[in-house]
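**Student:** File name data.txt; file contents compact mmCIF, C-alpha atoms; full text below.
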```txt
# COMPACT_ATOMS: atom_id res chain seq x y z
CA MET A 1 -13.12 -53.06 -153.81
CA GLU A 2 -11.14 -56.26 -153.35
CA ARG A 3 -10.16 -57.12 -149.81
CA VAL A 4 -6.78 -58.71 -149.28
CA PRO A 5 -6.22 -61.28 -146.50
CA ARG A 6 -2.71 -61.45 -145.06
CA SER A 7 -1.29 -63.93 -142.58
CA LEU A 8 0.20 -62.65 -139.34
CA SER A 9 3.23 -63.99 -137.51
CA GLY A 10 2.58 -65.54 -134.10
CA GLN A 11 4.01 -62.46 -132.39
CA GLN A 12 1.94 -60.03 -134.48
CA ALA A 13 -1.14 -62.09 -133.67
CA LEU A 14 -0.40 -62.11 -129.93
CA ASP A 15 0.19 -58.34 -130.02
CA LEU A 16 -3.31 -57.86 -131.47
CA VAL A 17 -4.84 -60.24 -128.93
CA GLY A 18 -3.08 -58.24 -126.21
CA SER A 19 -5.22 -55.23 -127.05
CA GLY A 20 -7.89 -56.96 -124.96
CA GLY A 21 -11.65 -57.13 -125.15
CA VAL A 22 -13.76 -60.22 -125.45
CA GLY A 23 -12.34 -63.57 -126.44
CA ARG A 24 -14.14 -66.83 -127.03
CA VAL A 25 -13.09 -70.18 -125.69
CA GLY A 26 -14.12 -73.29 -127.63
CA VAL A 27 -14.22 -76.70 -125.99
CA SER A 28 -15.23 -80.14 -127.22
CA THR A 29 -17.89 -81.83 -125.10
CA ASP A 30 -19.72 -85.15 -125.41
CA ASP A 31 -22.63 -83.10 -126.77
CA GLY A 32 -20.54 -81.41 -129.44
CA PRO A 33 -18.47 -78.24 -129.43
CA ARG A 34 -19.32 -75.26 -127.21
CA ILE A 35 -18.19 -71.62 -127.30
CA PHE A 36 -18.00 -69.31 -124.27
CA PRO A 37 -17.27 -65.57 -124.35
CA VAL A 38 -14.71 -64.48 -121.72
CA ASN A 39 -12.66 -61.47 -120.70
CA TYR A 40 -8.99 -62.31 -120.75
CA VAL A 41 -5.46 -60.99 -120.45
CA VAL A 42 -2.29 -61.93 -122.27
CA ASP A 43 0.30 -62.96 -119.69
CA HIS A 44 3.82 -63.88 -120.83
CA GLY A 45 2.61 -65.19 -124.17
CA THR A 46 -0.30 -67.13 -122.65
CA ILE A 47 -4.02 -66.34 -122.36
CA VAL A 48 -5.57 -66.15 -118.88
CA PHE A 49 -9.30 -65.96 -118.22
CA ARG A 50 -11.60 -66.50 -115.29
CA THR A 51 -14.46 -68.91 -114.85
CA ALA A 52 -16.39 -70.88 -112.23
CA PRO A 53 -14.91 -74.34 -111.57
CA ASP A 54 -18.33 -76.01 -111.67
CA SER A 55 -19.46 -74.30 -114.92
CA GLU A 56 -19.57 -76.15 -118.23
CA LEU A 57 -16.49 -74.19 -119.30
CA GLY A 58 -14.72 -74.75 -115.97
CA ARG A 59 -15.11 -78.48 -116.23
CA HIS A 60 -13.11 -78.45 -119.49
CA CYS A 61 -10.15 -76.48 -118.17
CA TRP A 62 -8.16 -79.27 -116.54
CA GLY A 63 -5.77 -80.16 -119.32
CA ASP A 64 -8.31 -80.18 -122.18
CA ARG A 65 -7.41 -78.96 -125.64
CA VAL A 66 -9.25 -75.70 -126.25
CA ALA A 67 -9.53 -73.05 -128.94
CA PHE A 68 -9.37 -69.32 -128.22
CA GLU A 69 -10.54 -66.71 -130.70
CA VAL A 70 -10.49 -62.92 -130.88
CA ASP A 71 -11.56 -60.79 -133.81
CA SER A 72 -12.16 -57.16 -134.66
CA ILE A 73 -13.95 -55.61 -137.60
CA ASP A 74 -13.91 -51.97 -138.59
CA ASN A 75 -16.66 -51.67 -141.17
CA ASP A 76 -15.93 -48.00 -141.86
CA ARG A 77 -12.33 -48.72 -142.81
CA ALA A 78 -13.14 -52.14 -144.29
CA THR A 79 -10.41 -53.73 -142.22
CA ALA A 80 -10.52 -56.69 -139.90
CA TRP A 81 -8.33 -59.11 -138.06
CA SER A 82 -8.86 -62.42 -136.36
CA VAL A 83 -6.64 -64.66 -134.30
CA VAL A 84 -7.26 -68.27 -133.36
CA ILE A 85 -5.12 -70.00 -130.76
CA SER A 86 -5.06 -73.69 -130.03
CA GLY A 87 -3.72 -74.88 -126.71
CA ARG A 88 -4.28 -76.69 -123.48
CA ALA A 89 -6.25 -75.08 -120.64
CA VAL A 90 -4.94 -75.57 -117.12
CA PRO A 91 -5.86 -73.87 -113.84
CA VAL A 92 -3.39 -71.35 -112.40
CA GLU A 93 -2.51 -72.87 -109.03
CA ASP A 94 0.59 -70.97 -107.94
CA ALA A 95 -0.43 -68.57 -105.16
CA ARG A 96 1.97 -65.84 -106.28
CA GLU A 97 0.82 -66.01 -109.90
CA ILE A 98 -2.81 -65.84 -108.76
CA GLN A 99 -2.02 -62.80 -106.62
CA LEU A 100 -0.39 -61.00 -109.57
CA LEU A 101 -3.23 -61.89 -111.96
CA GLU A 102 -5.89 -60.76 -109.48
CA THR A 103 -4.55 -57.21 -109.84
CA ARG A 104 -5.38 -57.10 -113.56
CA ASP A 105 -8.53 -55.09 -114.19
CA ASP A 106 -9.29 -56.94 -117.42
CA LEU A 107 -9.84 -60.13 -115.45
CA ARG A 108 -12.65 -58.61 -113.42
CA PRO A 109 -15.73 -60.73 -114.29
CA TRP A 110 -17.80 -58.57 -116.62
CA ALA A 111 -21.07 -60.28 -115.77
CA GLY A 112 -20.58 -60.19 -112.02
CA GLY A 113 -20.93 -63.39 -110.07
CA SER A 114 -18.24 -65.59 -108.63
CA ARG A 115 -15.65 -66.96 -111.03
CA PRO A 116 -12.77 -67.89 -108.78
CA LEU A 117 -10.93 -70.20 -111.19
CA LEU A 118 -8.12 -68.60 -113.19
CA VAL A 119 -7.32 -70.64 -116.28
CA ARG A 120 -4.26 -70.39 -118.51
CA ILE A 121 -4.09 -71.38 -122.16
CA SER A 122 -0.54 -72.00 -123.36
CA PRO A 123 -0.61 -71.73 -127.16
CA LEU A 124 0.39 -74.77 -129.21
CA SER A 125 -0.48 -72.92 -132.41
CA ILE A 126 -1.41 -69.34 -133.27
CA THR A 127 -3.10 -68.41 -136.54
CA GLY A 128 -3.83 -64.81 -137.35
CA ARG A 129 -4.81 -62.81 -140.35
CA THR A 130 -5.70 -59.28 -141.27
CA ILE A 131 -7.94 -58.17 -144.08
CA THR A 132 -7.55 -54.74 -145.62
CA ALA A 133 -9.22 -53.05 -148.54
CA MET B 1 -22.18 -50.95 -110.10
CA GLU B 2 -23.48 -54.51 -110.08
CA ARG B 3 -24.21 -56.04 -113.46
CA VAL B 4 -27.20 -58.30 -113.75
CA PRO B 5 -27.22 -61.28 -116.12
CA ARG B 6 -30.60 -62.30 -117.49
CA SER B 7 -31.50 -65.32 -119.62
CA LEU B 8 -33.16 -64.80 -122.98
CA SER B 9 -35.84 -66.94 -124.58
CA GLY B 10 -34.87 -68.75 -127.75
CA GLN B 11 -36.83 -66.27 -129.86
CA GLN B 12 -35.30 -63.23 -128.12
CA ALA B 13 -31.87 -64.75 -128.69
CA LEU B 14 -32.55 -65.41 -132.38
CA ASP B 15 -33.85 -61.85 -132.78
CA LEU B 16 -30.53 -60.52 -131.46
CA VAL B 17 -28.53 -62.88 -133.66
CA GLY B 18 -30.62 -61.64 -136.59
CA SER B 19 -29.11 -58.18 -136.20
CA GLY B 20 -26.13 -59.64 -138.08
CA GLY B 21 -22.41 -59.05 -137.93
CA VAL B 22 -19.75 -61.61 -137.23
CA GLY B 23 -20.49 -65.00 -135.78
CA ARG B 24 -18.10 -67.74 -134.80
CA VAL B 25 -18.48 -71.39 -135.65
CA GLY B 26 -16.89 -73.94 -133.32
CA VAL B 27 -16.11 -77.46 -134.49
CA SER B 28 -14.47 -80.45 -132.83
CA THR B 29 -11.52 -81.87 -134.75
CA ASP B 30 -9.07 -84.68 -134.02
CA ASP B 31 -6.64 -81.95 -132.97
CA GLY B 32 -9.07 -80.36 -130.53
CA PRO B 33 -11.71 -77.66 -130.93
CA ARG B 34 -11.42 -74.91 -133.56
CA ILE B 35 -13.22 -71.58 -133.93
CA PHE B 36 -13.82 -69.79 -137.24
CA PRO B 37 -15.25 -66.28 -137.64
CA VAL B 38 -17.93 -66.06 -140.36
CA ASN B 39 -20.52 -63.68 -141.75
CA TYR B 40 -23.96 -65.17 -141.55
CA VAL B 41 -27.66 -64.61 -141.96
CA VAL B 42 -30.62 -65.89 -140.00
CA ASP B 43 -32.93 -67.73 -142.39
CA HIS B 44 -36.23 -69.15 -141.10
CA GLY B 45 -34.80 -69.75 -137.64
CA THR B 46 -31.56 -71.28 -138.91
CA ILE B 47 -28.06 -69.85 -139.35
CA VAL B 48 -26.54 -69.82 -142.83
CA PHE B 49 -22.91 -69.02 -143.57
CA ARG B 50 -20.52 -69.50 -146.44
CA THR B 51 -17.22 -71.34 -146.58
CA ALA B 52 -14.93 -73.24 -148.93
CA PRO B 53 -15.69 -76.96 -149.12
CA ASP B 54 -12.01 -77.90 -148.83
CA SER B 55 -11.30 -75.60 -145.86
CA GLU B 56 -10.86 -76.93 -142.32
CA LEU B 57 -14.28 -75.48 -141.49
CA GLY B 58 -15.87 -76.78 -144.68
CA ARG B 59 -14.75 -80.33 -143.94
CA HIS B 60 -16.77 -80.24 -140.69
CA CYS B 61 -20.03 -79.08 -142.23
CA TRP B 62 -21.43 -82.39 -143.44
CA GLY B 63 -23.65 -83.33 -140.54
CA ASP B 64 -21.18 -82.49 -137.73
CA ARG B 65 -22.35 -81.01 -134.45
CA VAL B 66 -21.17 -77.40 -134.30
CA ALA B 67 -21.46 -74.41 -132.00
CA PHE B 68 -22.33 -70.92 -133.22
CA GLU B 69 -21.72 -67.82 -131.11
CA VAL B 70 -22.50 -64.13 -131.45
CA ASP B 71 -21.91 -61.46 -128.83
CA SER B 72 -22.02 -57.71 -128.51
CA ILE B 73 -20.61 -55.46 -125.82
CA ASP B 74 -21.38 -51.79 -125.33
CA ASN B 75 -18.77 -50.62 -122.85
CA ASP B 76 -20.21 -47.12 -122.65
CA ARG B 77 -23.61 -48.37 -121.56
CA ALA B 78 -22.17 -51.36 -119.63
CA THR B 79 -24.52 -53.69 -121.45
CA ALA B 80 -23.80 -56.86 -123.34
CA TRP B 81 -25.45 -59.89 -124.82
CA SER B 82 -24.27 -63.22 -126.07
CA VAL B 83 -25.99 -66.11 -127.78
CA VAL B 84 -24.67 -69.61 -128.24
CA ILE B 85 -26.39 -72.05 -130.55
CA SER B 86 -25.73 -75.75 -130.77
CA GLY B 87 -26.76 -77.63 -133.89
CA ARG B 88 -25.82 -79.72 -136.85
CA ALA B 89 -24.15 -78.14 -139.91
CA VAL B 90 -25.30 -79.33 -143.32
CA PRO B 91 -24.69 -77.93 -146.81
CA VAL B 92 -27.57 -76.17 -148.55
CA GLU B 93 -28.09 -78.23 -151.67
CA ASP B 94 -31.49 -77.17 -152.96
CA ALA B 95 -30.92 -75.00 -156.04
CA ARG B 96 -33.81 -72.65 -155.27
CA GLU B 97 -32.71 -72.13 -151.67
CA ILE B 98 -29.17 -71.41 -152.87
CA GLN B 99 -30.49 -68.89 -155.38
CA LEU B 100 -32.49 -67.06 -152.68
CA LEU B 101 -29.57 -67.05 -150.23
CA GLU B 102 -27.14 -65.77 -152.87
CA THR B 103 -29.15 -62.55 -152.98
CA ARG B 104 -28.42 -61.76 -149.31
CA ASP B 105 -25.71 -59.14 -149.00
CA ASP B 106 -24.65 -60.34 -145.56
CA LEU B 107 -23.47 -63.60 -147.08
CA ARG B 108 -20.96 -61.88 -149.33
CA PRO B 109 -17.55 -63.22 -148.24
CA TRP B 110 -15.96 -60.40 -146.27
CA ALA B 111 -12.42 -61.52 -146.93
CA GLY B 112 -12.90 -62.01 -150.64
CA GLY B 113 -11.88 -65.33 -152.15
CA SER B 114 -14.07 -68.20 -153.23
CA ARG B 115 -16.38 -69.73 -150.63
CA PRO B 116 -18.99 -71.48 -152.71
CA LEU B 117 -20.38 -73.75 -149.98
CA LEU B 118 -23.49 -72.47 -148.20
CA VAL B 119 -23.93 -74.20 -144.84
CA ARG B 120 -27.01 -74.24 -142.64
CA ILE B 121 -27.02 -74.75 -138.86
CA SER B 122 -30.41 -75.88 -137.55
CA PRO B 123 -30.44 -75.10 -133.82
CA LEU B 124 -30.86 -77.97 -131.38
CA SER B 125 -30.41 -75.57 -128.46
CA ILE B 126 -30.20 -71.79 -128.11
CA THR B 127 -28.75 -70.13 -125.02
CA GLY B 128 -28.75 -66.39 -124.71
CA ARG B 129 -28.22 -63.84 -122.01
CA THR B 130 -28.04 -60.11 -121.60
CA ILE B 131 -26.11 -58.23 -118.98
CA THR B 132 -27.17 -54.78 -117.93
CA ALA B 133 -25.91 -52.42 -115.28
```
Render the structure in this file as structure tokens.
**Tutor:**
Amino acid sequence: MERVPRSLSGQQALDLVGSGGVGRVGVSTDDGPRIFPVNYVVDHGTIVFRTAPDSELGRHCWGDRVAFEVDSIDNDRATAWSVVISGRAVPVEDAREIQLLETRDDLRPWAGGSRPLLVRISPLSITGRTITA
Amino acid sequence: MERVPRSLSGQQALDLVGSGGVGRVGVSTDDGPRIFPVNYVVDHGTIVFRTAPDSELGRHCWGDRVAFEVDSIDNDRATAWSVVISGRAVPVEDAREIQLLETRDDLRPWAGGSRPLLVRISPLSITGRTITA
């Protein structure tokens, strides 16, 4: 059974990312690239996640270029999609924005612990594709 | 319900990664970090995946430092694990190794298409953790 990849528009890709779950943030460090799983929300066409400011991820969220990836595979139906976003990560500093974002359940830190820094990725490029049988 | 993160040993982490599925390779490019979902196998303590030599990923698999990430979340049981590997990506060039790897079903390209380059990541560091309720 041949599987057919198909490109998604930026909006289609963001709609899929908006279904939530686990995303992965990629950063470039002096010791090579790193990947960190995060919970996230889509907020007005941007990605927002939470981290600790003194973590390895947090230290690369002050204007750095980052990658953000979400994927989903349904083996039973032989379908899959993946979306990769490239953008710049900046802390959310506006008190009102922080207050609104704090109400979003999906930003609750899954692993517990203190992750007070909210970080926003504004997409510079969005690449998505689906694969169906 | 408080969730408790726990670090894994390198071997425990590799054992989890060995359960297969989708992994994500992170590379650093001149335009910032990129993340690519891949199928993979664990082979003698290394990660092997398949790509096209002329793809954006393939162009960063000739000795580049890369990150490799796998995670799994079970929302019903409120458990999760994630493993991040850092290493160098090099093509598999030995004909006998290629022949053996070609027999592994998990390396069949999920999305179809031609991905003749087999790439091996030899871990320089392995970081894994589980989170349980």
**Student:** List the neighbours of stretch 74-85 of chain B out to 12 Å using all atoms listed in the file; skip same-chain residues closer than 5 positions along the sequence, and give me the result as a PyMOL selection string.
**Tutor:** (chain A and resi 21-26+32-38+110-112) or (chain B and resi 1-19+23-26+45-47+65-69+121-133)
**Student:** Could you check which of B:Arg115, B:Thr29, B:Gly20, B:Glu93 is closest to B:Val42, using only C-alpha atoms?
**Tutor:**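 For B:Val42, the nearest of the given residues is B:Gly20.
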**Student:** Of the residues A:Asp43, A:Asp64, A:Asp71, A:Asp30, which is the one nearest to A:Glu97, using only C-alpha atoms?
**Tutor:**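 Checking each candidate against A:Glu97, we get A:Asp43 as the closest.
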**Student:** Output the coordinates of chain A after least-squares fitting to chain B on all in-order C-alpha pairs, as an mmCIF file with C-alpha atoms, keeping the file's coordinate frame.
**Tutor:**
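And here's selection-v9.cif as it stands now:
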```
data_model
loop_
_atom_site.group_PDB
_atom_site.id
_atom_site.type_symbol
_atom_site.label_atom_id
_atom_site.label_comp_id
_atom_site.auth_asym_id
_atom_site.auth_seq_id
_atom_site.Cartn_x
_atom_site.Cartn_y
_atom_site.Cartn_z
ATOM 1 C CA MET A 1 -22.143 -50.966 -110.081
ATOM 2 C CA GLU A 2 -23.461 -54.520 -110.084
ATOM 3 C CA ARG A 3 -24.207 -56.019 -113.464
ATOM 4 C CA VAL A 4 -27.209 -58.289 -113.734
ATOM 5 C CA PRO A 5 -27.223 -61.267 -116.138
ATOM 6 C CA ARG A 6 -30.614 -62.304 -117.498
ATOM 7 C CA SER A 7 -31.494 -65.321 -119.606
ATOM 8 C CA LEU A 8 -33.158 -64.798 -122.969
ATOM 9 C CA SER A 9 -35.847 -66.931 -124.565
ATOM 10 C CA GLY A 10 -34.862 -68.769 -127.745
ATOM 11 C CA GLN A 11 -36.837 -66.280 -129.834
ATOM 12 C CA GLN A 12 -35.304 -63.239 -128.114
ATOM 13 C CA ALA A 13 -31.873 -64.754 -128.679
ATOM 14 C CA LEU A 14 -32.544 -65.417 -132.373
ATOM 15 C CA ASP A 15 -33.852 -61.855 -132.782
ATOM 16 C CA LEU A 16 -30.531 -60.517 -131.453
ATOM 17 C CA VAL A 17 -28.535 -62.875 -133.670
ATOM 18 C CA GLY A 18 -30.611 -61.635 -136.611
ATOM 19 C CA SER A 19 -29.105 -58.184 -136.209
ATOM 20 C CA GLY A 20 -26.122 -59.629 -138.081
ATOM 21 C CA GLY A 21 -22.403 -59.042 -137.917
ATOM 22 C CA VAL A 22 -19.740 -61.597 -137.232
ATOM 23 C CA GLY A 23 -20.500 -64.995 -135.784
ATOM 24 C CA ARG A 24 -18.112 -67.737 -134.785
ATOM 25 C CA VAL A 25 -18.477 -71.376 -135.651
ATOM 26 C CA GLY A 26 -16.892 -73.940 -133.325
ATOM 27 C CA VAL A 27 -16.113 -77.454 -134.494
ATOM 28 C CA SER A 28 -14.474 -80.438 -132.827
ATOM 29 C CA THR A 29 -11.509 -81.850 -134.735
ATOM 30 C CA ASP A 30 -9.076 -84.682 -134.005
ATOM 31 C CA ASP A 31 -6.636 -81.945 -132.969
ATOM 32 C CA GLY A 32 -9.050 -80.349 -130.523
ATOM 33 C CA PRO A 33 -11.693 -77.669 -130.932
ATOM 34 C CA ARG A 34 -11.404 -74.905 -133.542
ATOM 35 C CA ILE A 35 -13.217 -71.574 -133.926
ATOM 36 C CA PHE A 36 -13.808 -69.771 -137.236
ATOM 37 C CA PRO A 37 -15.248 -66.266 -137.649
ATOM 38 C CA VAL A 38 -17.934 -66.054 -140.369
ATOM 39 C CA ASN A 39 -20.512 -63.661 -141.758
ATOM 40 C CA TYR A 40 -23.951 -65.180 -141.550
ATOM 41 C CA VAL A 41 -27.665 -64.619 -141.980
ATOM 42 C CA VAL A 42 -30.619 -65.902 -140.011
ATOM 43 C CA ASP A 43 -32.925 -67.749 -142.398
ATOM 44 C CA HIS A 44 -36.216 -69.171 -141.101
ATOM 45 C CA GLY A 45 -34.822 -69.763 -137.631
ATOM 46 C CA THR A 46 -31.572 -71.290 -138.913
ATOM 47 C CA ILE A 47 -28.071 -69.842 -139.353
ATOM 48 C CA VAL A 48 -26.539 -69.823 -142.846
ATOM 49 C CA PHE A 49 -22.907 -69.006 -143.572
ATOM 50 C CA ARG A 50 -20.506 -69.479 -146.431
ATOM 51 C CA THR A 51 -17.228 -71.327 -146.580
ATOM 52 C CA ALA A 52 -14.918 -73.220 -148.936
ATOM 53 C CA PRO A 53 -15.692 -76.957 -149.108
ATOM 54 C CA ASP A 54 -12.016 -77.906 -148.828
ATOM 55 C CA SER A 55 -11.283 -75.590 -145.851
ATOM 56 C CA GLU A 56 -10.863 -76.924 -142.324
ATOM 57 C CA LEU A 57 -14.278 -75.471 -141.488
ATOM 58 C CA GLY A 58 -15.860 -76.803 -144.691
ATOM 59 C CA ARG A 59 -14.761 -80.319 -143.938
ATOM 60 C CA HIS A 60 -16.774 -80.240 -140.687
ATOM 61 C CA CYS A 61 -20.040 -79.074 -142.222
ATOM 62 C CA TRP A 62 -21.431 -82.388 -143.439
ATOM 63 C CA GLY A 63 -23.642 -83.343 -140.535
ATOM 64 C CA ASP A 64 -21.186 -82.489 -137.730
ATOM 65 C CA ARG A 65 -22.352 -81.014 -134.454
ATOM 66 C CA VAL A 66 -21.185 -77.408 -134.309
ATOM 67 C CA ALA A 67 -21.460 -74.418 -132.002
ATOM 68 C CA PHE A 68 -22.327 -70.920 -133.213
ATOM 69 C CA GLU A 69 -21.718 -67.825 -131.120
ATOM 70 C CA VAL A 70 -22.502 -64.127 -131.449
ATOM 71 C CA ASP A 71 -21.904 -61.458 -128.844
ATOM 72 C CA SER A 72 -22.028 -57.700 -128.496
ATOM 73 C CA ILE A 73 -20.612 -55.454 -125.812
ATOM 74 C CA ASP A 74 -21.368 -51.791 -125.319
ATOM 75 C CA ASN A 75 -18.764 -50.622 -122.837
ATOM 76 C CA ASP A 76 -20.199 -47.104 -122.635
ATOM 77 C CA ARG A 77 -23.604 -48.372 -121.553
ATOM 78 C CA ALA A 78 -22.170 -51.342 -119.638
ATOM 79 C CA THR A 79 -24.512 -53.692 -121.442
ATOM 80 C CA ALA A 80 -23.800 -56.858 -123.346
ATOM 81 C CA TRP A 81 -25.456 -59.880 -124.818
ATOM 82 C CA SER A 82 -24.273 -63.222 -126.065
ATOM 83 C CA VAL A 83 -25.990 -66.104 -127.779
ATOM 84 C CA VAL A 84 -24.671 -69.619 -128.234
ATOM 85 C CA ILE A 85 -26.400 -72.062 -130.552
ATOM 86 C CA SER A 86 -25.736 -75.758 -130.781
ATOM 87 C CA GLY A 87 -26.775 -77.618 -133.894
ATOM 88 C CA ARG A 88 -25.832 -79.702 -136.859
ATOM 89 C CA ALA A 89 -24.171 -78.136 -139.914
ATOM 90 C CA VAL A 90 -25.313 -79.337 -143.320
ATOM 91 C CA PRO A 91 -24.693 -77.946 -146.809
ATOM 92 C CA VAL A 92 -27.583 -76.166 -148.543
ATOM 93 C CA GLU A 93 -28.106 -78.265 -151.668
ATOM 94 C CA ASP A 94 -31.500 -77.163 -152.964
ATOM 95 C CA ALA A 95 -30.924 -75.006 -156.053
ATOM 96 C CA ARG A 96 -33.822 -72.666 -155.279
ATOM 97 C CA GLU A 97 -32.711 -72.124 -151.683
ATOM 98 C CA ILE A 98 -29.167 -71.410 -152.881
ATOM 99 C CA GLN A 99 -30.499 -68.895 -155.399
ATOM 100 C CA LEU A 100 -32.487 -67.065 -152.697
ATOM 101 C CA LEU A 101 -29.562 -67.061 -150.244
ATOM 102 C CA GLU A 102 -27.136 -65.781 -152.886
ATOM 103 C CA THR A 103 -29.142 -62.541 -152.989
ATOM 104 C CA ARG A 104 -28.400 -61.776 -149.328
ATOM 105 C CA ASP A 105 -25.707 -59.129 -149.012
ATOM 106 C CA ASP A 106 -24.648 -60.348 -145.573
ATOM 107 C CA LEU A 107 -23.465 -63.606 -147.104
ATOM 108 C CA ARG A 108 -20.974 -61.857 -149.354
ATOM 109 C CA PRO A 109 -17.555 -63.206 -148.247
ATOM 110 C CA TRP A 110 -15.973 -60.395 -146.253
ATOM 111 C CA ALA A 111 -12.423 -61.538 -146.907
ATOM 112 C CA GLY A 112 -12.870 -62.048 -150.629
ATOM 113 C CA GLY A 113 -11.881 -65.351 -152.136
ATOM 114 C CA SER A 114 -14.075 -68.202 -153.235
ATOM 115 C CA ARG A 115 -16.385 -69.713 -150.641
ATOM 116 C CA PRO A 116 -18.999 -71.475 -152.710
ATOM 117 C CA LEU A 117 -20.392 -73.753 -149.990
ATOM 118 C CA LEU A 118 -23.485 -72.474 -148.187
ATOM 119 C CA VAL A 119 -23.919 -74.197 -144.842
ATOM 120 C CA ARG A 120 -27.000 -74.247 -142.628
ATOM 121 C CA ILE A 121 -27.026 -74.754 -138.876
ATOM 122 C CA SER A 122 -30.405 -75.882 -137.560
ATOM 123 C CA PRO A 123 -30.441 -75.097 -133.832
ATOM 124 C CA LEU A 124 -30.863 -77.971 -131.381
ATOM 125 C CA SER A 125 -30.411 -75.577 -128.468
ATOM 126 C CA ILE A 126 -30.202 -71.802 -128.107
ATOM 127 C CA THR A 127 -28.769 -70.134 -125.013
ATOM 128 C CA GLY A 128 -28.760 -66.385 -124.702
ATOM 129 C CA ARG A 129 -28.226 -63.850 -122.009
ATOM 130 C CA THR A 130 -28.048 -60.124 -121.581
ATOM 131 C CA ILE A 131 -26.103 -58.236 -118.974
ATOM 132 C CA THR A 132 -27.170 -54.771 -117.902
ATOM 133 C CA ALA A 133 -25.898 -52.415 -115.256
#
```
**Student:** For each of B:Arg120, B:Leu101, B:Ser114, B:Gly87, take the minimum atom-to-atom distance to B:Ser55, counting only C-alpha atoms, then give the residue where this is smallest.
**Tutor:**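 Of the candidates, the smallest distance to B:Ser55 is held by B:Ser114.
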**Student:** Using all atoms listed in the file, can you tell me which of B:Leu117, B:Val70, B:Ala95, B:Leu100 comes closest to chain A?
**Tutor:**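 Looking only at the distances to chain A, the closest residue turns out to be B:Val70.
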**Student:** Which residue, A:Asn39, A:Thr103, A:Ser72, A:Ser28, has the smallest gap to chain B when you use only C-alpha atoms?
**Tutor:**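 Checking each candidate against chain B, we get A:Ser28 as the closest.
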**Student:** Tell me which of B:Asp31, B:Pro91, B:Val48, B:Pro53 sits closest to chain A, counting only C-alpha atoms.
**Tutor:**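 Among B:Asp31, B:Pro91, B:Val48, B:Pro53, it is B:Asp31 that comes nearest to chain A.
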**Student:** Just how far from atom CA of A:Pro116 is atom CA of A:Cys61, in Å to one decimal?
**Tutor:**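 Atom CA of A:Pro116 lies 13.0 Å from atom CA of A:Cys61.
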**Student:** Would you work out the distance separating atom CA of A:Val119 from atom CA of B:Ile73, expressed in Å to one decimal?
**Tutor:**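 About the pair atom CA of A:Val119 and atom CA of B:Ile73: they are 22.3 Å apart.
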**Student:** One decimal, Å: what's the distance from atom CA of A:Arg108 over to atom CA of A:Arg50, could you say?
**Tutor:**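 Separation of atom CA of A:Arg108 and atom CA of A:Arg50: 8.2 Å.
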**Student:** Taking N, CA, C and O atoms as the atom set, what does stretch 116-125 of chain A look like once completed, written as a PDB file, in the frame of the given file?
**Tutor:**
```
ATOM      1  N   PRO A 116     -14.057 -67.893-109.469  1.00  0.00           N
ATOM      2  CA  PRO A 116     -12.770 -67.890-108.780  1.00  0.00           C
ATOM      3  C   PRO A 116     -11.652 -68.630-109.499  1.00  0.00           C
ATOM      4  O   PRO A 116     -10.484 -68.495-109.107  1.00  0.00           O
ATOM      5  N   LEU A 117     -11.972 -69.394-110.545  1.00  0.00           N
ATOM      6  CA  LEU A 117     -10.930 -70.200-111.190  1.00  0.00           C
ATOM      7  C   LEU A 117     -10.223 -69.396-112.277  1.00  0.00           C
ATOM      8  O   LEU A 117     -10.859 -68.924-113.228  1.00  0.00           O
ATOM      9  N   LEU A 118      -8.918 -69.213-112.131  1.00  0.00           N
ATOM     10  CA  LEU A 118      -8.120 -68.600-113.190  1.00  0.00           C
ATOM     11  C   LEU A 118      -7.550 -69.723-114.048  1.00  0.00           C
ATOM     12  O   LEU A 118      -6.977 -70.682-113.538  1.00  0.00           O
ATOM     13  N   VAL A 119      -7.718 -69.577-115.354  1.00  0.00           N
ATOM     14  CA  VAL A 119      -7.320 -70.640-116.280  1.00  0.00           C
ATOM     15  C   VAL A 119      -6.324 -70.072-117.283  1.00  0.00           C
ATOM     16  O   VAL A 119      -6.516 -68.966-117.796  1.00  0.00           O
ATOM     17  N   ARG A 120      -5.267 -70.840-117.554  1.00  0.00           N
ATOM     18  CA  ARG A 120      -4.260 -70.390-118.510  1.00  0.00           C
ATOM     19  C   ARG A 120      -4.259 -71.293-119.739  1.00  0.00           C
ATOM     20  O   ARG A 120      -4.287 -72.513-119.612  1.00  0.00           O
ATOM     21  N   ILE A 121      -4.253 -70.642-120.906  1.00  0.00           N
ATOM     22  CA  ILE A 121      -4.090 -71.380-122.160  1.00  0.00           C
ATOM     23  C   ILE A 121      -2.687 -71.103-122.688  1.00  0.00           C
ATOM     24  O   ILE A 121      -2.348 -69.966-123.004  1.00  0.00           O
ATOM     25  N   SER A 122      -1.875 -72.136-122.765  1.00  0.00           N
ATOM     26  CA  SER A 122      -0.540 -72.000-123.360  1.00  0.00           C
ATOM     27  C   SER A 122      -0.640 -72.401-124.819  1.00  0.00           C
ATOM     28  O   SER A 122      -0.978 -73.546-125.135  1.00  0.00           O
ATOM     29  N   PRO A 123      -0.377 -71.458-125.739  1.00  0.00           N
ATOM     30  CA  PRO A 123      -0.610 -71.730-127.160  1.00  0.00           C
ATOM     31  C   PRO A 123       0.277 -72.863-127.698  1.00  0.00           C
ATOM     32  O   PRO A 123       1.480 -72.888-127.455  1.00  0.00           O
ATOM     33  N   LEU A 124      -0.342 -73.782-128.412  1.00  0.00           N
ATOM     34  CA  LEU A 124       0.390 -74.770-129.210  1.00  0.00           C
ATOM     35  C   LEU A 124       0.471 -74.289-130.647  1.00  0.00           C
ATOM     36  O   LEU A 124       1.415 -74.592-131.358  1.00  0.00           O
ATOM     37  N   SER A 125      -0.540 -73.540-131.074  1.00  0.00           N
ATOM     38  CA  SER A 125      -0.480 -72.920-132.410  1.00  0.00           C
ATOM     39  C   SER A 125      -1.246 -71.606-132.367  1.00  0.00           C
ATOM     40  O   SER A 125      -2.206 -71.453-131.610  1.00  0.00           O
TER      41      SER A 125
END
```
